[in-house]
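Visitor: Got a structure here, written out as structure tokens. Questions coming.
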Amino acid sequence: MNLITRAFHAQWRALRLVFGAIIIATLLPSLPTSAVIEQYSFENAQQEQLYQSMIKELRCLVCQNQNLADSNADLAKDLRNKTYEMVTTGNSRKEIADFMVARYGDFVLYRPPVNSSTALLWFGPFVFLALALLIAWRIIRRRRQGTALQDIQDIKLDAQHAARAALQGESPAENHQNPSNKD
Amino acid sequence: MLGFLGMGLKLDPKEVPSPFIGKPTPAFVLPSLHNTEQTIDNEQLLGKVWLLNVWASWCVACRQEHPLITGLRQREALTLVGLNYKDERNDALQWLKQFDDPYHHIAFDLNGDVGIDYGVYGVPESFLIDKQGRIRFKQIGPFTADIINQQLLPLVAQLQAEP
């Protein structure tokens, strides 16, 4: 074996090692591991179930796209502790949720309640769907009547009006100022 | 639709609106950071306009904010109460020695329970509390000179004039 092939073999072995490590590293997270390290003991199955479902429904405030169950943040750990404490001292689901909302606001719940500040969140999509259906219906109706070019103009105007009205919650004509009537 | 999505860009998802504004301060009794024999509680601050500034020696942004808190002390505009959050006593005292101690009182919240009662989810955070003991303003993250001059100080002046 000459020097070059020996060097090649050594390199190949090193490469294999690196690839092996990468493959193992990518497989590791898919093994069943849990972020929750604490060991909690519960008096009964209902308490444990309540605890488990609560930490899945409460948001970690620090890492906002994780729930308390998934997060390793310090605050999430504290809030899991608090949840555990409240569950084992006999608090109900509602009492725990109220405790968290009083401190962190509705945001802490992954299923926000329906109220004035979340109305847009809950009903916004339906409003947009209704707008889309209305526009589609108008297109179809006009198509049947002919005058294709005029249609496109009208649809553009309709969409603009609808968008403005949706954003401002009022008729665009009222506060629209024409350059010609400006004094 | 585009305008609607554009609106979303301007909002900061990190800023969780506080449910505390206008509400009474959560009650607390904590040992003083400087003197373990002494306690600090919210009742003793009734009748004063005070700022609860949540900080820790492990918090980098607190270091950035600290000169502004010291500036507030120099103006003597309000009572400054530190909430030393999940910290080691010795680290905290060392930190104050190094960066100055502008606080009138510092409460020592070792396990962060009071932090939870105030809905603290990051450090620094600050609460401005009126003479009746109601929270009137919350700052999430470090203060900036602009926020202090344009928002905090005018509000402090207003609260000082209130009964």
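Ordering of the structure tokens sets the chain letters (A, B, ...); residue numbers start at 1 within each chain; ligands are numbered from 1 in the order shown.
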Taking only C-alpha atoms into account, find every residue of chain A that has an atom no more than 9 Å from chain B, and write it out as a PyMOL selection string.
Guide: chain A and resi 60-62+64+75+78-79+100-107+128+163-164+166-167
Visitor: Grab the residues selected above and save them as a PDB file, in the first residue's frame with C-alpha atoms.
Guide:
```pdb
ATOM      1  CA  CYS A  60     -44.949  29.359  27.476  1.00  0.00           C
ATOM      2  CA  LEU A  61     -44.647  33.155  27.547  1.00  0.00           C
ATOM      3  CA  VAL A  62     -40.929  33.173  26.814  1.00  0.00           C
ATOM      4  CA  GLN A  64     -44.332  31.694  22.474  1.00  0.00           C
ATOM      5  CA  LEU A  75     -40.450  30.303  33.543  1.00  0.00           C
ATOM      6  CA  ASP A  78     -41.971  27.497  37.349  1.00  0.00           C
ATOM      7  CA  LEU A  79     -45.414  27.575  35.805  1.00  0.00           C
ATOM      8  CA  MET A 100     -52.904  32.191  34.654  1.00  0.00           C
ATOM      9  CA  VAL A 101     -55.125  34.619  32.708  1.00  0.00           C
ATOM     10  CA  ALA A 102     -55.195  37.064  35.656  1.00  0.00           C
ATOM     11  CA  ARG A 103     -51.400  37.227  35.449  1.00  0.00           C
ATOM     12  CA  TYR A 104     -50.513  36.771  31.804  1.00  0.00           C
ATOM     13  CA  GLY A 105     -53.729  37.674  29.973  1.00  0.00           C
ATOM     14  CA  ASP A 106     -55.777  35.639  27.503  1.00  0.00           C
ATOM     15  CA  PHE A 107     -52.617  35.120  25.507  1.00  0.00           C
ATOM     16  CA  PHE A 128     -62.926  37.306   4.357  1.00  0.00           C
ATOM     17  CA  ALA A 163     -60.936  46.115   1.446  1.00  0.00           C
ATOM     18  CA  ARG A 164     -61.158  49.721   2.560  1.00  0.00           C
ATOM     19  CA  ALA A 166     -63.100  46.085   6.045  1.00  0.00           C
ATOM     20  CA  LEU A 167     -59.983  47.879   7.244  1.00  0.00           C
TER      21      LEU A 167
END
```
Visitor: Going by DSSP on the backbone, which bits of range 3-124 of chain A are strand (DSSP E or B)? Write them as a ChimeraX atom specification, please.
Guide: /A:58-59,67,109
Visitor: Determine, using only C-alpha atoms, which residues of range 94-140 of chain B have any atom at most 7 Å from an atom of range 63-85 of chain B, and tabulate each with its shortest atom pair and distance in Å to one decimal place, rows ordered by chain and then rising number, as CSV.
Guide:
```
residue,atom,partner,partner_atom,distance
B:Pro102,CA,B:Thr70,CA,5.0
B:Tyr103,CA,B:Leu80,CA,5.0
B:His104,CA,B:Leu80,CA,5.4
B:His105,CA,B:Val81,CA,4.9
B:Ile106,CA,B:Gly82,CA,4.4
B:Ala107,CA,B:Leu83,CA,5.0
B:Phe108,CA,B:Asn84,CA,5.0
B:Asp109,CA,B:Tyr85,CA,5.1
B:Leu110,CA,B:Tyr85,CA,6.3
B:Gly112,CA,B:Tyr85,CA,5.9
B:Gly115,CA,B:Tyr85,CA,7.0
```
Visitor: List every residue of chain B that DSSP, applied to the backbone, labels as helix (DSSP H, G or I), and write the result as a PyMOL selection string.
Guide: chain B and resi 2-10+43-45+60-75+89-99+113-117+145-161
Visitor: What is the CA of Arg80 in chain A-CA of Ile55 in chain A distance in Å, reported with one decimal?
Guide: 6.7 Å
Visitor: So which residues touch Gln66 in chain A within 12 Å, counting only C-alpha atoms, skipping near sequence neighbours fewer than 4 positions away, as a PyMOL selection string?
Guide: chain A and resi 35+55-62+70-73+76+108-110
Visitor: Would you output that residue set with C-alpha atoms, as a PDB file, in the first residue's frame?
Guide:
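Resulting contents of part_4.pdb:
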```pdb
ATOM      1  CA  ALA A  35     -39.046  17.799  27.520  1.00  0.00           C
ATOM      2  CA  ILE A  55     -49.651  22.113  30.622  1.00  0.00           C
ATOM      3  CA  LYS A  56     -50.554  21.324  27.014  1.00  0.00           C
ATOM      4  CA  GLU A  57     -53.079  24.155  26.864  1.00  0.00           C
ATOM      5  CA  LEU A  58     -50.993  26.842  28.527  1.00  0.00           C
ATOM      6  CA  ARG A  59     -48.538  28.818  26.475  1.00  0.00           C
ATOM      7  CA  CYS A  60     -44.949  29.359  27.476  1.00  0.00           C
ATOM      8  CA  LEU A  61     -44.647  33.155  27.547  1.00  0.00           C
ATOM      9  CA  VAL A  62     -40.929  33.173  26.814  1.00  0.00           C
ATOM     10  CA  ASP A  70     -42.755  21.282  25.589  1.00  0.00           C
ATOM     11  CA  SER A  71     -40.712  24.140  26.943  1.00  0.00           C
ATOM     12  CA  ASN A  72     -37.517  23.963  28.898  1.00  0.00           C
ATOM     13  CA  ALA A  73     -37.516  27.666  29.730  1.00  0.00           C
ATOM     14  CA  ALA A  76     -42.201  27.317  31.952  1.00  0.00           C
ATOM     15  CA  VAL A 108     -51.487  32.386  27.891  1.00  0.00           C
ATOM     16  CA  LEU A 109     -54.332  30.173  26.653  1.00  0.00           C
ATOM     17  CA  TYR A 110     -53.842  28.327  23.406  1.00  0.00           C
TER      18      TYR A 110
END
```
Visitor: Do you know which residues are at most 12 Å from Gln44 in chain B counting only C-alpha atoms, after dropping those on the same chain fewer than 5 positions away, and could you put them as JSON, numbers by chain?
Guide: {"B": [27, 28, 29, 39, 49, 50, 79, 81, 105, 131, 132, 133]}
